[in-house]
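Below: one structure, written as structure tokens.
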Amino acid sequence: MLEEREVRGLGIDTLSVDFGRSTDFSVHHTVHGAGGYHLENVANLQRIPQSGAWTIVAPIKIENGSGGSARIWAVF
């Protein structure tokens, strides 16, 4: 389904793309397995149109880290 809709990444305004008590982290594995990314704790998502926007993501480099803070811009 990700490929059919040409989804490259997910943005969400909560702590995780998976539900709080997840033990299998299925959304993480599905999105990453398809070569995608996800952004968590994102603000003002309601201001971005459902299609036609470009995002610019500037992540912080953390040695041996599995995630980190990022600056995110949407251009539409």
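Chains: A, B, ... in order of the structure tokens. Residues: from 1 per chain. Ligands: from 1, in order shown.
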
**Q.** Shell of 9 Å around Val75 in chain A, only C-alpha atoms, local chain residues under 2 positions omitted, as a ChimeraX atom specification
**A.** /A:48,52-56,73

Selection export as a compact mmCIF listing (two decimals), in the first residue's frame, atoms kept: N, CA, C and O atoms:
# COMPACT_ATOMS: atom_id res chain seq x y z
N ILE A 48 -0.65 21.62 6.82
CA ILE A 48 -0.05 21.08 5.60
C ILE A 48 -1.13 20.40 4.77
O ILE A 48 -1.90 19.59 5.30
N GLY A 52 0.69 17.46 -2.38
CA GLY A 52 1.29 18.59 -3.06
C GLY A 52 2.33 19.36 -2.27
O GLY A 52 2.90 20.31 -2.77
N ALA A 53 2.62 18.96 -1.03
CA ALA A 53 3.62 19.66 -0.22
C ALA A 53 4.97 18.96 -0.31
O ALA A 53 5.04 17.75 -0.51
N TRP A 54 6.01 19.72 -0.17
CA TRP A 54 7.37 19.18 -0.07
C TRP A 54 7.83 19.38 1.36
O TRP A 54 7.51 20.40 1.99
N THR A 55 8.58 18.45 1.88
CA THR A 55 9.15 18.62 3.22
C THR A 55 10.66 18.65 3.14
O THR A 55 11.27 17.98 2.31
N ILE A 56 11.22 19.46 4.00
CA ILE A 56 12.68 19.55 4.15
C ILE A 56 12.97 19.15 5.58
O ILE A 56 12.42 19.74 6.52
N TRP A 73 10.62 21.64 7.70
CA TRP A 73 9.88 22.68 6.99
C TRP A 73 8.97 22.02 5.97
O TRP A 73 9.35 21.04 5.34

Q. Which residues, written as a list in words, have at least one atom at most 9 Å from range 36-38 of chain A, with only C-alpha atoms counted and residues fewer than 6 positions away on the same chain left out?
A. Leu2, Val7, Arg8, Gly9, Leu10, Gly11, Ile12, Ser16, Val17, His28 and Thr30 of chain A

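DSSP on the backbone gives strand (DSSP E or B) for these parts of chain A: Gly9, Leu10, Gly11, Tyr37, His38, Leu39, Trp54, Thr55, Ile56, Val57, Ala58, Pro59, Ala70, Arg71, Ile72, Trp73, Ala74 and Val75 of chain A.
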
Q. Where does DSSP see helix (DSSP H, G or I) in chain A, if you list the residues as number ranges by chain?
A. A: 26-33, 45-47

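Among A:Met1, A:Ile72, A:Val27, A:Ala34, the residue with the shortest atom-to-atom distance to Ile60 in chain A, counting only C-alpha atoms, is A:Ile72.
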
Q. Between A:Pro49, A:Glu63, A:Glu6, A:Phe76, which is the closest to Gly35 in chain A once you count only C-alpha atoms?
A. A:Glu6
